[in-house]
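Participant: Quick one, work_14.txt (compact mmCIF, C-alpha atoms):
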# COMPACT_ATOMS: atom_id res chain seq x y z
CA MET Z 23 51.58 129.99 154.57
CA LEU Z 24 50.08 133.16 155.96
CA ARG Z 25 50.49 136.12 153.65
CA ASN Z 26 47.13 137.16 152.27
CA VAL Z 27 44.54 137.91 154.95
CA VAL Z 28 40.98 139.07 154.32
CA THR Z 29 38.61 140.19 157.05
CA VAL Z 30 34.91 139.78 156.33
CA VAL Z 31 32.46 142.27 157.79
CA LEU Z 32 28.67 142.25 157.76
CA GLU Z 33 26.26 144.85 159.10
CA GLU Z 34 25.96 145.77 161.80
CA VAL Z 35 29.71 145.56 162.31
CA HIS Z 36 31.06 145.17 165.86
CA PRO Z 37 34.03 147.57 165.94
CA PHE Z 38 36.10 145.89 168.64
CA GLU Z 39 36.16 142.51 166.95
CA LEU Z 40 36.95 144.17 163.61
CA GLY Z 41 39.76 146.04 165.35
CA VAL Z 42 41.23 142.75 166.60
CA ALA Z 43 41.75 141.47 163.06
CA CYS Z 44 43.05 144.84 161.88
CA GLU Z 45 45.51 145.10 164.77
CA VAL Z 46 46.95 141.60 164.40
CA PHE Z 47 47.08 141.37 160.61
CA GLY Z 48 46.51 144.89 159.25
CA LEU Z 49 49.52 146.76 160.67
CA ASP Z 50 52.80 146.88 158.78
CA ARG Z 51 55.45 145.61 161.21
CA THR Z 52 58.06 144.67 158.62
CA ALA Z 53 60.38 147.41 159.90
CA ASP Z 54 60.58 145.38 163.12
CA GLY Z 55 61.57 142.26 161.20
CA LEU Z 56 58.09 140.74 161.41
CA PRO Z 57 56.10 139.23 158.53
CA GLY Z 58 53.88 141.49 156.49
CA TYR Z 59 50.39 140.62 155.36
CA ASP Z 60 48.43 141.64 152.29
CA PHE Z 61 45.40 142.73 154.31
CA ALA Z 62 41.97 143.68 153.01
CA LEU Z 63 38.37 144.17 154.11
CA ALA Z 64 35.61 142.44 152.21
CA GLY Z 65 31.87 142.16 152.62
CA ALA Z 66 28.80 140.91 150.83
CA HIS Z 67 29.20 144.05 148.70
CA PRO Z 68 31.66 146.94 148.52
CA GLY Z 69 30.75 150.24 150.16
CA PRO Z 70 29.87 151.67 153.57
CA HIS Z 71 28.85 149.19 156.28
CA ALA Z 72 27.09 150.43 159.41
CA THR Z 73 28.44 149.55 162.82
CA HIS Z 74 26.36 149.10 165.93
CA SER Z 75 28.22 152.05 167.43
CA GLY Z 76 26.80 154.64 165.06
CA PHE Z 77 29.54 155.11 162.48
CA ALA Z 78 30.26 153.46 159.15
CA VAL Z 79 33.19 151.41 157.84
CA ASP Z 80 34.17 151.68 154.18
CA VAL Z 81 34.60 148.18 152.77
CA PRO Z 82 36.43 148.21 149.42
CA PHE Z 83 35.85 144.61 148.26
CA GLY Z 84 33.10 142.08 147.78
CA PRO Z 85 33.25 138.26 148.07
CA GLU Z 86 35.58 137.97 145.08
CA ARG Z 87 38.47 139.19 147.23
CA LEU Z 88 38.38 135.93 149.22
CA ALA Z 89 39.66 133.98 146.20
CA ASP Z 90 43.27 134.97 146.95
CA ALA Z 91 43.20 134.66 150.75
CA ASP Z 92 45.32 132.31 152.84
CA LEU Z 93 43.20 133.26 155.86
CA VAL Z 94 39.73 134.76 156.13
CA VAL Z 95 38.73 136.28 159.49
CA VAL Z 96 34.97 136.60 159.94
CA THR Z 97 34.32 139.22 162.59
CA ALA Z 98 31.28 139.73 164.76
CA SER Z 99 28.06 141.24 163.46
CA ASP Z 100 24.38 141.05 164.25
CA ILE Z 101 23.14 137.46 164.02
CA ARG Z 102 20.67 137.02 161.17
CA GLY Z 103 18.52 134.24 159.79
CA GLN Z 104 20.24 134.16 156.41
CA TYR Z 105 23.57 135.28 155.02
CA PRO Z 106 24.43 136.24 151.42
CA GLU Z 107 25.05 133.09 149.40
CA PRO Z 108 27.90 134.56 147.30
CA LEU Z 109 29.81 135.23 150.50
CA LEU Z 110 29.09 131.74 151.86
CA ALA Z 111 30.23 130.17 148.59
CA ALA Z 112 33.44 132.21 148.72
CA LEU Z 113 34.12 130.97 152.26
CA ARG Z 114 33.61 127.38 151.19
CA GLY Z 115 36.00 128.01 148.33
CA VAL Z 116 38.72 129.20 150.72
CA VAL Z 117 38.62 125.95 152.68
CA ALA Z 118 38.29 123.80 149.55
CA ARG Z 119 41.59 125.09 148.15
CA GLY Z 120 43.48 124.72 151.43
CA GLY Z 121 43.00 128.10 153.12
CA ARG Z 122 41.84 128.73 156.66
CA VAL Z 123 38.88 130.58 158.15
CA LEU Z 124 38.70 132.07 161.63
CA SER Z 125 35.61 133.50 163.30
CA ILE Z 126 35.37 135.92 166.18
CA CYS Z 127 32.28 135.78 168.42
CA SER Z 128 29.08 135.71 166.31
CA GLY Z 129 31.14 135.27 163.13
CA ALA Z 130 30.74 131.55 163.86
CA PHE Z 131 27.15 131.80 162.60
CA VAL Z 132 28.43 132.82 159.17
CA LEU Z 133 30.73 129.79 159.08
CA GLY Z 134 27.84 127.61 160.22
CA ALA Z 135 25.61 128.94 157.44
CA ALA Z 136 28.38 128.10 154.96
CA GLY Z 137 28.40 124.50 156.22
CA LEU Z 138 31.98 124.82 157.45
CA LEU Z 139 31.17 123.82 161.04
CA ASP Z 140 29.54 120.52 160.06
CA GLY Z 141 31.44 117.59 161.59
CA ARG Z 142 33.72 119.94 163.50
CA ARG Z 143 34.03 121.31 167.01
CA SER Z 144 33.33 125.01 167.44
CA THR Z 145 32.68 127.79 169.92
CA THR Z 146 31.27 131.28 170.14
CA HIS Z 147 30.42 133.79 172.86
CA TRP Z 148 28.80 131.95 175.74
CA ARG Z 149 25.58 134.01 175.29
CA HIS Z 150 25.14 132.58 171.78
CA SER Z 151 26.36 129.02 172.25
CA ASP Z 152 22.92 127.45 172.67
CA GLU Z 153 21.63 129.23 169.58
CA LEU Z 154 24.66 128.13 167.57
CA ALA Z 155 24.15 124.51 168.63
CA GLY Z 156 20.43 124.67 167.83
CA ARG Z 157 20.88 126.19 164.37
CA PHE Z 158 23.78 123.96 163.35
CA PRO Z 159 23.30 120.54 164.98
CA GLU Z 160 26.13 118.97 162.94
CA THR Z 161 28.74 120.87 164.97
CA VAL Z 162 29.81 120.11 168.53
CA VAL Z 163 29.70 123.45 170.33
CA GLU Z 164 32.11 123.87 173.23
CA PRO Z 165 30.53 126.78 175.11
CA ASP Z 166 33.10 127.38 177.84
CA VAL Z 167 36.38 127.69 175.93
CA LEU Z 168 38.26 130.65 174.47
CA TYR Z 169 38.75 129.19 171.00
CA VAL Z 170 38.66 125.90 169.10
CA ASP Z 171 41.19 125.04 166.40
CA ASP Z 172 39.61 122.35 164.24
CA ASP Z 173 41.95 123.01 161.36
CA PRO Z 174 41.27 124.60 158.88
CA VAL Z 175 38.38 126.16 160.80
CA ILE Z 176 39.12 128.17 163.94
CA THR Z 177 36.29 129.64 166.01
CA SER Z 178 36.61 131.90 169.03
CA ALA Z 179 34.49 133.39 171.76
CA GLY Z 180 33.76 137.07 172.27
CA THR Z 181 36.01 140.09 172.30
CA ALA Z 182 39.46 139.31 173.77
CA ALA Z 183 39.21 135.62 172.84
CA GLY Z 184 39.49 136.76 169.24
CA ILE Z 185 42.94 138.14 170.06
CA ASP Z 186 43.89 134.79 171.57
CA ALA Z 187 42.72 132.87 168.50
CA CYS Z 188 44.54 135.17 166.06
CA LEU Z 189 47.79 135.00 168.04
CA HIS Z 190 47.38 131.22 168.35
CA LEU Z 191 47.21 130.93 164.57
CA VAL Z 192 50.22 133.21 164.10
CA ARG Z 193 52.15 131.07 166.59
CA LYS Z 194 51.09 127.88 164.84
CA LEU Z 195 52.02 129.04 161.34
CA GLN Z 196 54.86 131.51 161.94
CA GLY Z 197 56.33 130.60 165.30
CA ALA Z 198 56.28 131.69 168.91
CA GLU Z 199 58.72 134.59 168.44
CA VAL Z 200 56.48 136.27 165.86
CA ALA Z 201 53.41 135.81 168.05
CA ARG Z 202 55.24 137.19 171.10
CA ALA Z 203 56.50 140.21 169.18
CA ILE Z 204 52.99 141.06 167.95
CA ALA Z 205 51.61 140.53 171.47
CA ARG Z 206 54.23 142.88 172.93
CA ARG Z 207 53.19 145.59 170.50
CA MET Z 208 49.55 145.03 171.45
CA VAL Z 209 50.41 144.81 175.18
CA VAL Z 210 48.50 141.54 175.59
CA ALA Z 211 49.38 138.05 176.78
CA PRO Z 212 51.23 136.20 174.00
CA HIS Z 213 49.39 132.94 174.55
CA ARG Z 214 46.31 131.64 176.30
CA GLU Z 215 45.25 128.07 175.70
CA GLY Z 216 42.00 127.64 173.84
CA GLY Z 217 40.71 125.25 176.49
CA GLN Z 218 40.70 127.90 179.19
CA ALA Z 219 37.32 129.06 180.43
CA GLN Z 220 35.69 132.09 178.82
CA PHE Z 221 35.14 133.71 182.19
CA VAL Z 222 36.00 133.12 185.83
CA ASN Z 223 33.47 132.35 188.52
CA ARG Z 224 34.46 135.22 190.78
CA PRO Z 225 36.44 138.44 190.45
CA LEU Z 226 40.18 138.12 190.81
CA PRO Z 227 41.32 139.37 194.21
CA GLU Z 228 42.43 142.98 194.31
CA GLY Z 229 45.85 143.93 195.60
CA GLY Z 230 47.44 140.56 194.81
CA GLY Z 231 47.59 139.45 198.44
CA ASP Z 232 45.22 136.55 197.85
CA SER Z 233 46.23 135.89 194.24
CA LEU Z 234 48.13 132.93 192.81
CA ALA Z 235 50.24 135.24 190.61
CA PRO Z 236 53.47 134.71 192.63
CA LEU Z 237 53.02 130.94 192.47
CA LEU Z 238 52.30 131.01 188.73
CA ASP Z 239 55.44 133.06 188.23
CA TRP Z 240 57.44 130.49 190.21
CA MET Z 241 55.97 127.66 188.15
CA ARG Z 242 56.90 129.45 184.91
CA HIS Z 243 60.50 129.81 186.05
CA HIS Z 244 60.81 126.24 187.34
CA PRO Z 245 59.14 124.08 184.68
CA ASP Z 246 61.60 121.25 185.29
CA GLN Z 247 60.52 120.77 188.89
CA GLU Z 248 57.82 118.23 189.65
CA ALA Z 249 55.31 119.49 192.17
CA SER Z 250 52.15 117.79 193.36
CA VAL Z 251 48.96 119.67 194.13
CA GLU Z 252 49.75 119.21 197.80
CA GLN Z 253 53.22 120.76 197.38
CA LEU Z 254 51.91 123.66 195.33
CA ALA Z 255 49.13 124.24 197.83
CA ALA Z 256 51.69 124.37 200.65
CA ARG Z 257 53.75 126.91 198.71
CA ALA Z 258 50.58 129.00 198.26
CA HIS Z 259 49.70 128.56 201.99
CA MET Z 260 46.38 126.91 201.20
CA SER Z 261 44.76 123.56 201.73
CA PRO Z 262 44.89 121.30 198.65
CA ARG Z 263 41.12 121.57 198.16
CA THR Z 264 41.11 125.37 198.40
CA PHE Z 265 44.16 125.59 196.16
CA ALA Z 266 42.63 123.40 193.43
CA ARG Z 267 39.43 125.45 193.46
CA ARG Z 268 41.31 128.77 193.43
CA PHE Z 269 43.60 127.63 190.61
CA GLN Z 270 40.60 126.72 188.45
CA GLN Z 271 38.97 130.06 189.21
CA GLU Z 272 42.03 132.14 188.37
CA THR Z 273 43.35 130.24 185.33
CA GLY Z 274 40.37 128.33 183.98
CA THR Z 275 42.29 125.05 184.05
CA THR Z 276 44.04 122.58 186.36
CA PRO Z 277 47.58 122.94 187.73
CA HIS Z 278 48.81 119.98 185.70
CA ARG Z 279 47.31 121.18 182.43
CA TRP Z 280 48.59 124.72 183.01
CA LEU Z 281 52.11 123.51 183.76
CA VAL Z 282 52.18 121.21 180.72
CA GLY Z 283 51.17 124.20 178.60
CA GLN Z 284 54.05 126.26 179.99
CA ARG Z 285 56.46 123.40 179.33
CA VAL Z 286 55.33 123.09 175.73
CA LEU Z 287 55.74 126.86 175.25
CA LEU Z 288 59.28 126.68 176.60
CA ALA Z 289 60.04 123.72 174.34
CA GLN Z 290 58.82 125.72 171.34
CA ARG Z 291 61.13 128.60 172.20
CA LEU Z 292 64.12 126.30 172.66
CA LEU Z 293 63.45 124.41 169.44
CA GLU Z 294 63.25 127.70 167.56
CA SER Z 295 66.25 129.44 169.09
CA THR Z 296 68.80 126.78 170.12
CA THR Z 297 70.63 123.80 168.66
CA GLU Z 298 70.08 121.64 171.74
CA PRO Z 299 69.06 118.01 171.07
CA VAL Z 300 65.44 117.13 171.72
CA ASP Z 301 66.40 114.97 174.73
CA ALA Z 302 68.14 117.92 176.37
CA ILE Z 303 65.20 120.22 175.67
CA ALA Z 304 62.80 117.66 177.13
CA ALA Z 305 64.85 117.57 180.34
CA ARG Z 306 65.06 121.37 180.59
CA CYS Z 307 61.31 121.68 180.14
CA GLY Z 308 60.42 119.10 182.77
CA PHE Z 309 59.26 116.32 180.45
CA GLY Z 310 62.11 114.04 181.44
CA ASN Z 311 62.65 112.41 178.06
CA ALA Z 312 62.03 112.96 174.37
CA ALA Z 313 59.16 110.45 174.26
CA ALA Z 314 57.15 112.44 176.82
CA LEU Z 315 57.91 115.68 174.98
CA ARG Z 316 56.74 114.17 171.68
CA HIS Z 317 53.53 112.96 173.32
CA HIS Z 318 52.53 116.34 174.73
CA PHE Z 319 53.79 118.23 171.69
CA GLY Z 320 51.64 116.08 169.45
CA ARG Z 321 48.53 116.45 171.62
CA ARG Z 322 48.82 120.22 171.83
CA LEU Z 323 50.28 121.22 168.49
CA GLY Z 324 49.55 118.29 166.20
CA THR Z 325 53.17 117.87 165.17
CA THR Z 326 56.51 116.52 166.42
CA PRO Z 327 59.35 118.52 167.98
CA LEU Z 328 61.63 117.82 165.01
CA ALA Z 329 58.98 118.82 162.48
CA TYR Z 330 58.34 121.99 164.45
CA ARG Z 331 62.06 122.78 164.51
CA ARG Z 332 62.33 122.24 160.75
CA GLY Z 333 59.45 124.63 160.21
CA PHE Z 334 60.39 127.45 162.54
CA ALA Z 335 64.10 127.33 163.37
CA GLY Z 336 67.12 128.46 161.41
CA PRO Z 337 69.44 126.19 159.41
CA ALA Z 338 71.83 125.63 162.33
CA ALA Z 339 69.06 124.39 164.60
CA THR Z 340 67.39 122.21 162.00
CA ALA Z 341 70.64 120.35 161.45
CA VAL Z 342 70.44 119.01 165.01
CA ASN Z 343 68.36 115.90 165.77
Can you give me the file's structure in the form of structure tokens?

Facilitator:
Amino acid sequence: MLRNVVTVVLEEVHPFELGVACEVFGLDRTADGLPGYDFALAGAHPGPHATHSGFAVDVPFGPERLADADLVVVTASDIRGQYPEPLLAALRGVVARGGRVLSICSGAFVLGAAGLLDGRRSTTHWRHSDELAGRFPETVVEPDVLYVDDDPVITSAGTAAGIDACLHLVRKLQGAEVARAIARRMVVAPHREGGQAQFVNRPLPEGGGDSLAPLLDWMRHHPDQEASVEQLAARAHMSPRTFARRFQQETGTTPHRWLVGQRVLLAQRLLESTTEPVDAIAARCGFGNAAALRHHFGRRLGTTPLAYRRGFAGPAATAVN
């Protein structure tokens, strides 16, 4: 369930990260057939909150507003030694009754102070990852990823990674079509895997002449075709070693992992929108058989294809096994 969303802000508020939560969950898109959210801002206290950009944000609610939330998004603010205990208690209460919390950038420190990162994996902006690990040794900090979903706690890195984490959660709870529609309105990529690197090691080549974009496009449109690194490198007119290095630099992951991710995305779309049997979908997506599809679906999404179809497809599709 994802209906009631509260965004927590603390001074000094970082406007971009606050804007991410407002853009994904705070706009009324019901006229486009998309879900609506009961969206609110809350802080340690109601009233004006200063931003680090020189203007103030009016926050109408205090910690009590978190009591009704299905999701609480903790946006970035200045890192401090202590955080208000009423707010931390309210965050713990959200998780205790089955809600979710999601942090953007330095918001992870608030979740850490609430004890919600203990025994879980987490991430934050790469500049703060060492500090997060030092202050909260009971969490395993993954410093190089975009976001970590250790349900019911989701943490994300800086700035645009917050968009990725929010859209990931929408996709997980409300389906790929909803996430894609929101992404189209925002003019952003509908999905980036959390395991991708936070940044690349070199600038992407200008002009596209030396880019892997054409190859990636081909791979997206031919997910059912098996291709080794050597074959992909030949298609890209590179040596296998150069190709593997370039692929990592441009995508933050390996060719195999990237292709499996694309196949799972296609499987999600087909499970949501068609009545094809799972075996047929597995073949169309390049998995070969339903067992392989179930394996990768489970590893990436924590569920089975049939359970996903029951949750996100219409009655006609869910009647098909």

Participant: With all atoms listed in the file as the basis for distance, which of Z:Gly129, Z:Pro57, Z:Pro165, Z:Pro106 is at the shortest distance from Z:Val94?

Facilitator: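 Checking each candidate against Z:Val94, we get Z:Gly129 as the closest.
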
Participant: Quick check, in Å to one decimal: how far apart do atom CA of Z:Arg206 and atom CA of Z:Ala179 lie?

Facilitator: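 Atom CA of Z:Ala179 lies at a distance of 21.9 Å from atom CA of Z:Arg206.
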
Participant: May I ask for the distance between atom CA of Z:Asp239 and atom CA of Z:Ala205, given in Å to one decimal place?

Facilitator: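 These two atoms are separated by 18.7 Å.
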
Participant: Rounded to one decimal in Å, what is the spacing between atom CA of Z:Pro159 and atom CA of Z:Asp140?

Facilitator: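 For atom CA of Z:Pro159 relative to atom CA of Z:Asp140, the distance reads 7.9 Å.
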
Participant: Which of these residues is nearest to Z:Gly69, using only C-alpha atoms: Z:Leu88, Z:Val95, Z:Val81, Z:Val209?

Facilitator: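 For Z:Gly69, the nearest of the candidates is Z:Val81.
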
Participant: Set the distance at 9 Å and use all atoms listed in the file: which residues neighbour Z:Leu287 once local chain neighbours fewer than 4 positions away are removed? I'd like the list as a list in words.

Facilitator: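 Near Z:Leu287, the qualifying residues are Ala198, His213, Val282, Gly283, Arg291 and Leu292 of chain Z.
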
Participant: Excluding Z:Thr146 and any residue of its chain fewer than 2 positions from it, enumerate the residues within 6 Å of it, using only C-alpha atoms, and give them as a ChimeraX atom specification.

Facilitator: /Z:127,151,178-179

Participant: May I have the residues from that selection written out with C-alpha atoms, as a short mmCIF file (atom, residue, chain, number, x, y, z; two decimals), in the frame of the given file?

Facilitator:
data_model
loop_
_atom_site.label_atom_id
_atom_site.label_comp_id
_atom_site.auth_asym_id
_atom_site.auth_seq_id
_atom_site.Cartn_x
_atom_site.Cartn_y
_atom_site.Cartn_z
CA CYS Z 127 32.28 135.78 168.42
CA SER Z 151 26.36 129.02 172.25
CA SER Z 178 36.61 131.90 169.03
CA ALA Z 179 34.49 133.39 171.76
#

Participant: Select, from Z:Glu107, Z:Asp152, Z:Glu160, Z:Asp301, the residue with the minimum atom-to-atom distance to Z:Ala136, counting all atoms listed in the file.

Facilitator: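 Under the stated criterion, the closest residue is Z:Glu107.
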
Participant: The residues within 12 Å of (41.1, 123.0, 152.9), using only C-alpha atoms and the coordinates of the file, should be reported as a list of chain:residue names; which are they?

Facilitator: Z:Asp92, Z:Leu93, Z:Leu113, Z:Arg114, Z:Gly115, Z:Val116, Z:Val117, Z:Ala118, Z:Arg119, Z:Gly120, Z:Gly121, Z:Arg122, Z:Val123, Z:Leu138, Z:Asp172, Z:Asp173, Z:Pro174, Z:Val175

Participant: Tell me which of Z:Ala89, Z:Leu56, Z:Leu323, Z:Ala329 sits closest to Z:Val200, counting all atoms listed in the file.

Facilitator: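 Smallest distance to Z:Val200 is found for Z:Leu56.
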
Participant: Please rebuild stretch 73-84 of chain Z with all heavy atoms and return the result as a PDB file, in the frame of the given file.

Facilitator:
ATOM      1  N   THR Z  73      28.069 150.244 161.595  1.00  0.00           N
ATOM      2  CA  THR Z  73      28.440 149.550 162.820  1.00  0.00           C
ATOM      3  C   THR Z  73      27.337 149.741 163.849  1.00  0.00           C
ATOM      4  O   THR Z  73      26.485 150.624 163.713  1.00  0.00           O
ATOM      5  CB  THR Z  73      29.754 150.097 163.400  1.00  0.00           C
ATOM      6  OG1 THR Z  73      29.521 151.411 163.930  1.00  0.00           O
ATOM      7  CG2 THR Z  73      30.849 150.164 162.341  1.00  0.00           C
ATOM      8  N   HIS Z  74      27.374 148.937 164.884  1.00  0.00           N
ATOM      9  CA  HIS Z  74      26.360 149.100 165.930  1.00  0.00           C
ATOM     10  C   HIS Z  74      26.743 150.197 166.907  1.00  0.00           C
ATOM     11  O   HIS Z  74      26.043 150.406 167.904  1.00  0.00           O
ATOM     12  CB  HIS Z  74      26.095 147.771 166.634  1.00  0.00           C
ATOM     13  CG  HIS Z  74      27.169 147.337 167.592  1.00  0.00           C
ATOM     14  ND1 HIS Z  74      26.908 146.805 168.822  1.00  0.00           N
ATOM     15  CD2 HIS Z  74      28.507 147.368 167.480  1.00  0.00           C
ATOM     16  CE1 HIS Z  74      28.053 146.525 169.436  1.00  0.00           C
ATOM     17  NE2 HIS Z  74      29.028 146.846 168.638  1.00  0.00           N
ATOM     18  N   SER Z  75      27.820 150.926 166.594  1.00  0.00           N
ATOM     19  CA  SER Z  75      28.220 152.050 167.430  1.00  0.00           C
ATOM     20  C   SER Z  75      27.945 153.391 166.785  1.00  0.00           C
ATOM     21  O   SER Z  75      28.360 154.440 167.293  1.00  0.00           O
ATOM     22  CB  SER Z  75      29.726 151.948 167.749  1.00  0.00           C
ATOM     23  OG  SER Z  75      29.999 150.762 168.454  1.00  0.00           O
ATOM     24  N   GLY Z  76      27.263 153.385 165.629  1.00  0.00           N
ATOM     25  CA  GLY Z  76      26.800 154.640 165.060  1.00  0.00           C
ATOM     26  C   GLY Z  76      27.654 155.255 163.986  1.00  0.00           C
ATOM     27  O   GLY Z  76      27.332 156.323 163.471  1.00  0.00           O
ATOM     28  N   PHE Z  77      28.746 154.600 163.591  1.00  0.00           N
ATOM     29  CA  PHE Z  77      29.540 155.110 162.480  1.00  0.00           C
ATOM     30  C   PHE Z  77      29.645 154.032 161.418  1.00  0.00           C
ATOM     31  O   PHE Z  77      29.237 152.884 161.636  1.00  0.00           O
ATOM     32  CB  PHE Z  77      30.930 155.570 162.944  1.00  0.00           C
ATOM     33  CG  PHE Z  77      31.767 154.484 163.574  1.00  0.00           C
ATOM     34  CD1 PHE Z  77      32.585 153.658 162.813  1.00  0.00           C
ATOM     35  CD2 PHE Z  77      31.729 154.287 164.954  1.00  0.00           C
ATOM     36  CE1 PHE Z  77      33.349 152.662 163.404  1.00  0.00           C
ATOM     37  CE2 PHE Z  77      32.498 153.293 165.554  1.00  0.00           C
ATOM     38  CZ  PHE Z  77      33.305 152.480 164.777  1.00  0.00           C
ATOM     39  N   ALA Z  78      30.181 154.390 160.266  1.00  0.00           N
ATOM     40  CA  ALA Z  78      30.260 153.460 159.150  1.00  0.00           C
ATOM     41  C   ALA Z  78      31.703 153.080 158.861  1.00  0.00           C
ATOM     42  O   ALA Z  78      32.626 153.834 159.145  1.00  0.00           O
ATOM     43  CB  ALA Z  78      29.612 154.052 157.908  1.00  0.00           C
ATOM     44  N   VAL Z  79      31.881 151.901 158.273  1.00  0.00           N
ATOM     45  CA  VAL Z  79      33.190 151.410 157.840  1.00  0.00           C
ATOM     46  C   VAL Z  79      33.134 151.241 156.324  1.00  0.00           C
ATOM     47  O   VAL Z  79      32.207 150.622 155.793  1.00  0.00           O
ATOM     48  CB  VAL Z  79      33.528 150.060 158.504  1.00  0.00           C
ATOM     49  CG1 VAL Z  79      34.816 149.489 157.933  1.00  0.00           C
ATOM     50  CG2 VAL Z  79      33.644 150.220 160.003  1.00  0.00           C
ATOM     51  N   ASP Z  80      34.119 151.805 155.628  1.00  0.00           N
ATOM     52  CA  ASP Z  80      34.170 151.680 154.180  1.00  0.00           C
ATOM     53  C   ASP Z  80      34.831 150.362 153.806  1.00  0.00           C
ATOM     54  O   ASP Z  80      36.001 150.124 154.140  1.00  0.00           O
ATOM     55  CB  ASP Z  80      34.950 152.851 153.573  1.00  0.00           C
ATOM     56  CG  ASP Z  80      34.897 152.839 152.053  1.00  0.00           C
ATOM     57  OD1 ASP Z  80      33.931 152.280 151.513  1.00  0.00           O
ATOM     58  OD2 ASP Z  80      35.820 153.376 151.415  1.00  0.00           O
ATOM     59  N   VAL Z  81      34.103 149.498 153.143  1.00  0.00           N
ATOM     60  CA  VAL Z  81      34.600 148.180 152.770  1.00  0.00           C
ATOM     61  C   VAL Z  81      34.864 148.175 151.259  1.00  0.00           C
ATOM     62  O   VAL Z  81      33.932 148.292 150.459  1.00  0.00           O
ATOM     63  CB  VAL Z  81      33.574 147.086 153.138  1.00  0.00           C
ATOM     64  CG1 VAL Z  81      34.068 145.711 152.709  1.00  0.00           C
ATOM     65  CG2 VAL Z  81      33.312 147.116 154.644  1.00  0.00           C
ATOM     66  N   PRO Z  82      36.121 148.036 150.848  1.00  0.00           N
ATOM     67  CA  PRO Z  82      36.430 148.210 149.420  1.00  0.00           C
ATOM     68  C   PRO Z  82      36.138 147.009 148.528  1.00  0.00           C
ATOM     69  O   PRO Z  82      36.070 147.160 147.308  1.00  0.00           O
ATOM     70  CB  PRO Z  82      37.941 148.507 149.422  1.00  0.00           C
ATOM     71  CG  PRO Z  82      38.453 147.896 150.675  1.00  0.00           C
ATOM     72  CD  PRO Z  82      37.334 147.965 151.677  1.00  0.00           C
ATOM     73  N   PHE Z  83      35.967 145.808 149.094  1.00  0.00           N
ATOM     74  CA  PHE Z  83      35.850 144.610 148.260  1.00  0.00           C
ATOM     75  C   PHE Z  83      34.591 143.815 148.594  1.00  0.00           C
ATOM     76  O   PHE Z  83      34.067 143.872 149.711  1.00  0.00           O
ATOM     77  CB  PHE Z  83      37.069 143.701 148.447  1.00  0.00           C
ATOM     78  CG  PHE Z  83      38.374 144.333 148.048  1.00  0.00           C
ATOM     79  CD1 PHE Z  83      39.238 144.806 149.018  1.00  0.00           C
ATOM     80  CD2 PHE Z  83      38.723 144.456 146.712  1.00  0.00           C
ATOM     81  CE1 PHE Z  83      40.440 145.391 148.665  1.00  0.00           C
ATOM     82  CE2 PHE Z  83      39.921 145.040 146.345  1.00  0.00           C
ATOM     83  CZ  PHE Z  83      40.787 145.514 147.317  1.00  0.00           C
ATOM     84  N   GLY Z  84      34.168 143.039 147.596  1.00  0.00           N
ATOM     85  CA  GLY Z  84      33.100 142.080 147.780  1.00  0.00           C
ATOM     86  C   GLY Z  84      33.650 140.680 147.947  1.00  0.00           C
ATOM     87  O   GLY Z  84      34.863 140.492 148.161  1.00  0.00           O
TER      88      GLY Z  84
END
